[in-house]
file structure_3.txt (compact mmCIF, C-alpha atoms)
# COMPACT_ATOMS: atom_id res chain seq x y z
CA PHE R 1 -16.46 -0.88 -11.48
CA PHE R 2 -17.37 -4.34 -10.20
CA LEU R 3 -20.34 -4.78 -12.54
CA LEU R 4 -18.32 -3.52 -15.50
CA THR R 5 -15.41 -5.80 -14.65
CA ALA R 6 -17.67 -8.81 -14.19
CA ARG R 7 -19.48 -8.32 -17.49
CA ALA R 8 -16.33 -7.76 -19.52
CA ALA R 9 -14.41 -10.60 -17.92
CA SER R 10 -17.32 -12.97 -18.57
CA VAL R 11 -17.18 -12.05 -22.26
CA MET R 12 -13.39 -12.17 -22.63
CA SER R 13 -12.65 -15.25 -20.53
CA PRO R 14 -12.41 -18.40 -22.69
CA SER R 15 -13.98 -20.48 -19.92
CA LYS R 16 -16.99 -18.15 -19.82
CA SER R 17 -17.71 -18.10 -23.56
CA PRO R 18 -19.40 -21.39 -24.56
CA ALA R 19 -20.73 -19.89 -27.79
CA ALA R 20 -17.25 -19.15 -29.15
CA PRO R 21 -16.14 -21.61 -31.85
CA PRO R 22 -13.27 -23.93 -30.89
CA PHE R 23 -10.83 -22.41 -33.37
CA VAL R 24 -10.99 -19.06 -31.55
CA ARG R 25 -9.55 -20.62 -28.41
CA GLN R 26 -6.84 -22.38 -30.33
CA THR R 27 -5.67 -19.57 -32.59
CA GLU R 28 -6.22 -16.42 -30.56
CA PRO R 29 -5.50 -17.14 -26.86
CA ALA R 30 -2.83 -14.43 -26.71
CA ALA R 31 -5.22 -11.84 -28.18
CA GLN R 32 -7.90 -12.78 -25.66
CA VAL R 33 -5.46 -12.50 -22.75
CA ASP R 34 -4.13 -9.17 -24.00
CA ALA R 35 -7.68 -7.80 -24.33
CA ALA R 36 -8.49 -8.89 -20.78
CA VAL R 37 -5.35 -7.25 -19.41
CA VAL R 38 -6.02 -4.04 -21.32
CA PHE R 39 -9.55 -3.89 -19.92
CA LEU R 40 -8.30 -4.64 -16.40
CA LEU R 41 -5.67 -1.92 -16.53
CA THR R 42 -8.12 0.59 -18.01
CA THR R 43 -10.60 -0.04 -15.20
CA PHE R 44 -7.85 -0.19 -12.60
CA PHE R 45 -6.21 3.09 -13.55
CA GLY R 46 -9.59 4.72 -13.95
CA ALA R 47 -10.22 3.84 -10.31
CA THR R 48 -6.85 5.27 -9.28
CA GLY R 49 -7.74 8.48 -11.09
CA CYS R 50 -10.94 8.72 -9.06
CA TYR R 51 -8.88 8.53 -5.87
CA PHE R 52 -6.61 11.38 -6.94
CA VAL R 53 -9.68 13.46 -7.80
CA THR R 54 -11.09 12.93 -4.30
CA MET R 55 -7.67 13.74 -2.84
CA ALA R 56 -7.59 17.02 -4.76
CA ALA R 57 -11.10 17.76 -3.48
CA GLY R 58 -9.83 17.37 0.09
CA SER R 59 -12.61 15.05 1.28
CA LEU R 60 -11.23 12.49 3.73
CA VAL R 61 -14.43 10.42 3.60
CA LEU R 62 -14.41 10.22 -0.19
CA GLN R 63 -10.70 9.38 -0.13
CA GLY R 64 -11.37 6.57 2.32
CA LEU R 65 -14.10 5.20 0.06
CA ALA R 66 -12.12 5.55 -3.17
CA LYS R 67 -8.71 4.38 -2.00
CA PRO R 68 -9.40 0.61 -1.79
CA VAL R 69 -11.34 0.49 -5.09
CA PRO R 70 -8.35 -0.23 -7.39
CA VAL R 71 -7.30 -3.23 -5.28
CA LEU R 72 -10.90 -4.42 -5.09
CA VAL R 73 -11.02 -4.25 -8.91
CA LEU R 74 -8.00 -6.57 -8.97
CA LEU R 75 -9.72 -8.85 -6.46
CA ALA R 76 -12.92 -9.01 -8.52
CA TRP R 77 -10.94 -9.83 -11.67
CA ALA R 78 -8.91 -12.53 -9.90
CA TRP R 79 -12.10 -14.05 -8.51
CA LEU R 80 -13.62 -14.23 -11.98
CA ARG R 81 -10.51 -16.07 -13.22
CA ARG R 82 -10.27 -18.35 -10.19
CA GLY R 83 -10.92 -21.48 -12.24
CA GLU R 84 -7.84 -20.96 -14.40
CA VAL R 85 -5.68 -19.94 -11.44
CA CYS R 86 -6.69 -22.94 -9.31
CA GLN R 87 -6.23 -25.35 -12.19
CA CYS R 88 -2.80 -24.04 -13.18
CA HIS R 89 -1.24 -22.93 -9.89
CA GLY R 90 -3.35 -24.69 -7.26
CA VAL R 91 -6.18 -23.60 -5.03
CA TRP R 92 -3.92 -22.42 -2.21
CA VAL R 93 -2.06 -20.03 -4.50
CA PHE R 94 -5.41 -18.50 -5.43
CA TYR R 95 -6.49 -18.18 -1.79
CA ALA R 96 -3.12 -16.65 -0.91
CA LEU R 97 -3.72 -14.02 -3.60
CA VAL R 98 -7.19 -13.34 -2.22
CA VAL R 99 -5.73 -12.83 1.27
CA ALA R 100 -3.11 -10.45 -0.13
CA LEU R 101 -5.68 -8.32 -1.95
CA VAL R 102 -8.35 -8.32 0.77
CA PHE R 103 -5.95 -7.24 3.50
CA GLY R 104 -4.36 -4.77 1.11
CA ALA R 105 -7.74 -3.10 0.62
CA ILE R 106 -8.36 -3.10 4.39
CA GLY R 107 -4.92 -1.60 4.97
CA ASP R 108 -5.69 1.13 2.43
CA VAL R 109 -8.65 2.32 4.47
CA LEU R 110 -6.85 2.05 7.82
CA LEU R 111 -3.86 4.09 6.64
CA GLU R 112 -6.13 6.68 5.06
CA PHE R 113 -7.62 7.35 8.50
CA ASP R 114 -4.18 7.41 10.19
CA LEU R 115 -4.60 4.04 11.92
CA PHE R 116 -0.96 3.27 11.23
CA VAL R 117 -0.36 0.24 13.45
CA LEU R 118 -3.56 -1.50 12.35
CA GLY R 119 -2.76 -0.68 8.74
CA LEU R 120 0.73 -2.05 9.19
CA LEU R 121 -0.65 -5.30 10.58
CA SER R 122 -3.15 -5.56 7.73
CA PHE R 123 -0.46 -5.13 5.11
CA LEU R 124 1.74 -7.58 7.01
CA VAL R 125 -0.97 -10.21 6.50
CA GLY R 126 -1.31 -9.16 2.86
CA HIS R 127 2.43 -9.46 2.27
CA THR R 128 2.38 -12.86 3.91
CA GLY R 129 -0.30 -13.88 1.42
CA TYR R 130 1.90 -12.90 -1.51
CA SER R 131 4.94 -14.60 0.02
CA VAL R 132 3.04 -17.84 0.64
CA GLY R 133 1.45 -17.77 -2.82
CA PHE R 134 4.75 -17.24 -4.61
CA THR R 135 6.39 -19.94 -2.50
CA LEU R 136 3.66 -22.49 -3.19
CA GLY R 137 3.92 -21.69 -6.87
CA SER R 138 7.68 -22.09 -7.04
CA ARG R 139 8.74 -24.57 -4.34
CA VAL R 140 12.43 -23.76 -4.85
CA VAL R 141 14.76 -22.00 -2.41
CA MET R 142 16.90 -19.89 -4.78
CA ALA R 143 18.97 -18.37 -1.97
CA LEU R 144 21.05 -16.25 -4.35
CA GLN R 145 17.92 -14.34 -5.34
CA LEU R 146 17.83 -12.97 -1.80
CA ILE R 147 21.11 -11.06 -2.17
CA PRO R 148 19.95 -8.21 -4.45
CA VAL R 149 16.81 -7.81 -2.34
CA LEU R 150 18.91 -7.36 0.80
CA VAL R 151 21.14 -4.89 -1.03
CA LEU R 152 18.00 -2.86 -1.73
CA ALA R 153 16.42 -3.23 1.73
CA ILE R 154 19.33 -2.95 4.19
CA PRO R 155 20.08 0.77 3.53
CA LEU R 156 16.41 1.54 4.13
CA ILE R 157 16.43 -0.40 7.40
CA VAL R 158 19.60 1.40 8.52
CA LEU R 159 17.97 4.74 7.69
CA LEU R 160 14.73 4.03 9.55
CA VAL R 161 15.83 2.12 12.65
CA PRO R 162 17.10 5.16 14.65
CA HIS R 163 13.70 6.85 14.20
CA LEU R 164 11.33 3.97 14.95
CA GLY R 165 11.17 4.12 18.75
CA ASP R 166 8.42 1.88 20.14
CA LEU R 167 7.52 0.73 16.62
CA LEU R 168 10.92 -0.84 16.03
CA ILE R 169 9.79 -4.47 16.26
CA PRO R 170 6.58 -4.25 14.17
CA VAL R 171 8.19 -2.12 11.46
CA VAL R 172 11.29 -4.32 11.18
CA ALA R 173 9.06 -7.42 11.11
CA TYR R 174 7.00 -5.85 8.34
CA MET R 175 10.10 -4.98 6.35
CA ALA R 176 11.39 -8.53 6.73
CA VAL R 177 8.16 -9.86 5.20
CA SER R 178 8.42 -7.27 2.40
CA VAL R 179 11.91 -8.57 1.64
CA ALA R 180 10.51 -12.11 1.62
CA VAL R 181 7.87 -11.09 -0.94
CA CYS R 182 10.55 -9.75 -3.30
CA TRP R 183 12.64 -12.88 -2.82
CA ARG R 184 9.77 -15.28 -3.44
CA ALA R 185 8.57 -13.19 -6.40
CA ALA R 186 11.97 -13.77 -7.99
CA ALA R 187 11.65 -17.50 -7.33
CA TRP R 188 8.14 -17.46 -8.82
CA ALA R 189 9.36 -15.73 -11.97
CA ALA R 190 12.29 -18.13 -12.35
CA SER R 191 9.99 -21.15 -11.92
CA HIS R 192 7.69 -20.22 -14.80
CA PRO R 193 8.22 -19.67 -18.51
CA PRO R 194 9.29 -16.12 -19.45
CA GLY R 195 6.28 -13.89 -19.82
CA TRP R 196 3.54 -12.70 -17.50
CA ALA R 197 4.92 -14.45 -14.41
CA THR R 198 8.05 -12.30 -14.64
CA LEU R 199 5.98 -9.24 -13.69
CA ALA R 200 5.99 -10.47 -10.10
CA VAL R 201 9.53 -9.11 -9.65
CA PRO R 202 8.98 -5.46 -10.64
CA GLY R 203 5.64 -5.63 -8.83
CA ALA R 204 7.22 -6.70 -5.55
CA VAL R 205 9.99 -4.11 -5.91
CA ALA R 206 7.46 -1.36 -6.63
CA PHE R 207 5.53 -2.35 -3.48
CA LEU R 208 8.77 -2.24 -1.46
CA ILE R 209 9.57 1.22 -2.83
CA SER R 210 6.08 2.40 -1.86
CA ASP R 211 6.65 1.11 1.68
CA ALA R 212 9.99 2.93 1.72
CA PHE R 213 8.29 6.21 0.79
CA ILE R 214 5.78 5.74 3.63
CA GLY R 215 8.52 4.92 6.14
CA VAL R 216 10.71 7.87 5.19
CA HIS R 217 7.78 10.27 5.25
CA LYS R 218 6.49 9.09 8.62
CA PHE R 219 9.71 8.48 10.55
CA VAL R 220 12.43 10.58 8.91
CA GLY R 221 10.67 13.60 7.48
CA PRO R 222 8.03 14.69 4.96
CA PHE R 223 8.90 15.25 1.33
CA PRO R 224 6.94 16.86 -1.53
CA GLY R 225 4.86 14.62 -3.76
CA ARG R 226 4.69 11.90 -1.15
CA ASP R 227 1.05 10.90 -1.80
CA VAL R 228 1.50 10.53 -5.54
CA ALA R 229 4.79 8.64 -5.13
CA VAL R 230 3.36 6.25 -2.54
CA MET R 231 0.12 5.46 -4.32
CA THR R 232 1.47 5.08 -7.86
CA THR R 233 4.20 2.65 -6.80
CA TYR R 234 1.80 0.81 -4.48
CA TRP R 235 -0.93 0.33 -7.09
CA LEU R 236 1.65 -0.58 -9.70
CA GLY R 237 3.00 -3.26 -7.37
CA GLN R 238 -0.43 -4.71 -6.62
CA ALA R 239 -1.39 -4.77 -10.30
CA LEU R 240 1.82 -6.39 -11.54
CA MET R 241 1.84 -9.10 -8.86
CA THR R 242 -1.82 -9.93 -9.48
CA ILE R 243 -1.29 -10.07 -13.24
CA SER R 244 1.77 -12.30 -12.74
CA ILE R 245 -0.42 -14.89 -11.01
CA VAL R 246 -3.71 -14.59 -12.88
CA VAL R 247 -2.58 -14.12 -16.48
CA SER R 248 0.23 -16.67 -16.25
CA ALA R 249 -2.50 -19.23 -15.48
CA VAL R 250 -4.35 -18.63 -18.77

call {"tool": "encode", "arguments": {"input": "structure_3.txt", "output": "structure tokens"}}
result
Amino acid sequence: FFLLTARAASVMSPSKSPAAPPFVRQTEPAAQVDAAVVFLLTTFFGATGCYFVTMAAGSLVLQGLAKPVPVLVLLAWAWLRRGEVCQCHGVWVFYALVVALVFGAIGDVLLEFDLFVLGLLSFLVGHTGYSVGFTLGSRVVMALQLIPVLVLAIPLIVLLVPHLGDLLIPVVAYMAVSVAVCWRAAAWAASHPPGWATLAVPGAVAFLISDAFIGVHKFVGPFPGRDVAVMTTYWLGQALMTISIVVSAV
């Protein structure tokens, strides 16, 4: 996946194609971006499919190896486009995205092996990366954007709190940071022209829904289809938030 992503991104990225005539960059930037996104999503969802195959096979080791691959594909792609991201959004926004993806991949492995608290802490750091990145890229408060996020999150908090026990403080702290990611994603989208940056909002909401599925399953009670529901919303959230930062910089 990494070699394939690197080779394709080097061909499709305008900054990596010195042999391309100047008029290609001027007349077809949208086509080049669309091709890069299509390739990214194809590779990304191919990796997610591999995880579900290993899950069906029932091999915990293979699941642990396959689970972080989709996020690592996003990380490799973001790294290859770091020049555009740093130039457009700033170097600290890029590093914040790297932190979010690296700790997301680490959290994937930890949760797969039932290391819940360590996985929670890893994703807490990852969420902080997204929140910081979106804040640095927007630099506006937009307090009203927080209201719909709280409307979405408060019922979940009320549902989970009676069941948290000793994990009350870390779980509530994690949920607070998740709310902050959704809030700052809305500020990020509002601070950029309509287009790719807007994907930060559904991405952050999808990630929050994935967290909700995990919380309900672990603390309230299991429900059928939990693994598919958690992973599809989680990977969708990671992909949309990464695209909102990387592609909006092109």

call {"tool": "closest_residue", "arguments": {"input": "structure_3.txt", "among": "R:Ile154, R:Val102, R:Ile243, R:Val228", "to": "Thr48 of chain R", "atoms": "all atoms listed in the file"}}
result
R:Val228

call {"tool": "residues_around", "arguments": {"input": "structure_3.txt", "residues": "segment 109-122 of chain R", "least_positions_apart": "3", "cutoff": "7 Å", "atoms": "only C-alpha atoms", "output": "list in words"}}
result
Gly64, Lys67, Pro68, Phe103, Gly104, Ala105, Ile106, Val125 and Gly126 of chain R

call {"tool": "residues_around", "arguments": {"input": "structure_3.txt", "residues": "Arg82 of chain R", "least_positions_apart": "3", "cutoff": "12 Å", "atoms": "only C-alpha atoms", "output": "PyMOL selection string"}}
result
chain R and resi 9+13+15-16+75-79+85-98+242+245-247+249-250

call {"tool": "residues_around", "arguments": {"input": "structure_3.txt", "residues": "Val171 of chain R", "least_positions_apart": "3", "cutoff": "9 Å", "atoms": "all atoms listed in the file", "output": "PyMOL selection string"}}
result
chain R and resi 120+161+164+167-168+174-176+215

call {"tool": "write_last_selection", "arguments": {"input": "structure_3.txt", "atoms": "C-alpha atoms", "output": "PDB file, in the frame of the given file"}}
result
ATOM      1  CA  LEU R 120       0.730  -2.050   9.190  1.00  0.00           C
ATOM      2  CA  VAL R 161      15.830   2.120  12.650  1.00  0.00           C
ATOM      3  CA  LEU R 164      11.330   3.970  14.950  1.00  0.00           C
ATOM      4  CA  LEU R 167       7.520   0.730  16.620  1.00  0.00           C
ATOM      5  CA  LEU R 168      10.920  -0.840  16.030  1.00  0.00           C
ATOM      6  CA  TYR R 174       7.000  -5.850   8.340  1.00  0.00           C
ATOM      7  CA  MET R 175      10.100  -4.980   6.350  1.00  0.00           C
ATOM      8  CA  ALA R 176      11.390  -8.530   6.730  1.00  0.00           C
ATOM      9  CA  GLY R 215       8.520   4.920   6.140  1.00  0.00           C
TER      10      GLY R 215
END

call {"tool": "atom_distance", "arguments": {"input": "structure_3.txt", "atom1": "atom CA of Arg226 of chain R", "atom2": "atom CA of Phe52 of chain R"}}
result
12.7 Å

call {"tool": "closest_residue", "arguments": {"input": "structure_3.txt", "among": "R:Ser178, R:Ala187, R:Gly107, R:Ile214", "to": "Leu152 of chain R", "atoms": "all atoms listed in the file"}}
result
R:Ser178

call {"tool": "closest_residue", "arguments": {"input": "structure_3.txt", "among": "R:Phe207, R:Met142, R:Gln63, R:Leu40", "to": "Phe123 of chain R", "atoms": "all atoms listed in the file"}}
result
R:Phe207

call {"tool": "residues_around", "arguments": {"input": "structure_3.txt", "residues": "Val140 of chain R", "least_positions_apart": "3", "cutoff": "10 Å", "atoms": "all atoms listed in the file", "output": "PDB file with C-alpha atoms, in the coordinates of the input"}}
result
ATOM      1  CA  THR R 135       6.390 -19.940  -2.500  1.00  0.00           C
ATOM      2  CA  LEU R 136       3.660 -22.490  -3.190  1.00  0.00           C
ATOM      3  CA  GLY R 137       3.920 -21.690  -6.870  1.00  0.00           C
ATOM      4  CA  ALA R 143      18.970 -18.370  -1.970  1.00  0.00           C
ATOM      5  CA  ARG R 184       9.770 -15.280  -3.440  1.00  0.00           C
ATOM      6  CA  ALA R 187      11.650 -17.500  -7.330  1.00  0.00           C
ATOM      7  CA  TRP R 188       8.140 -17.460  -8.820  1.00  0.00           C
ATOM      8  CA  ALA R 190      12.290 -18.130 -12.350  1.00  0.00           C
ATOM      9  CA  SER R 191       9.990 -21.150 -11.920  1.00  0.00           C
TER      10      SER R 191
END
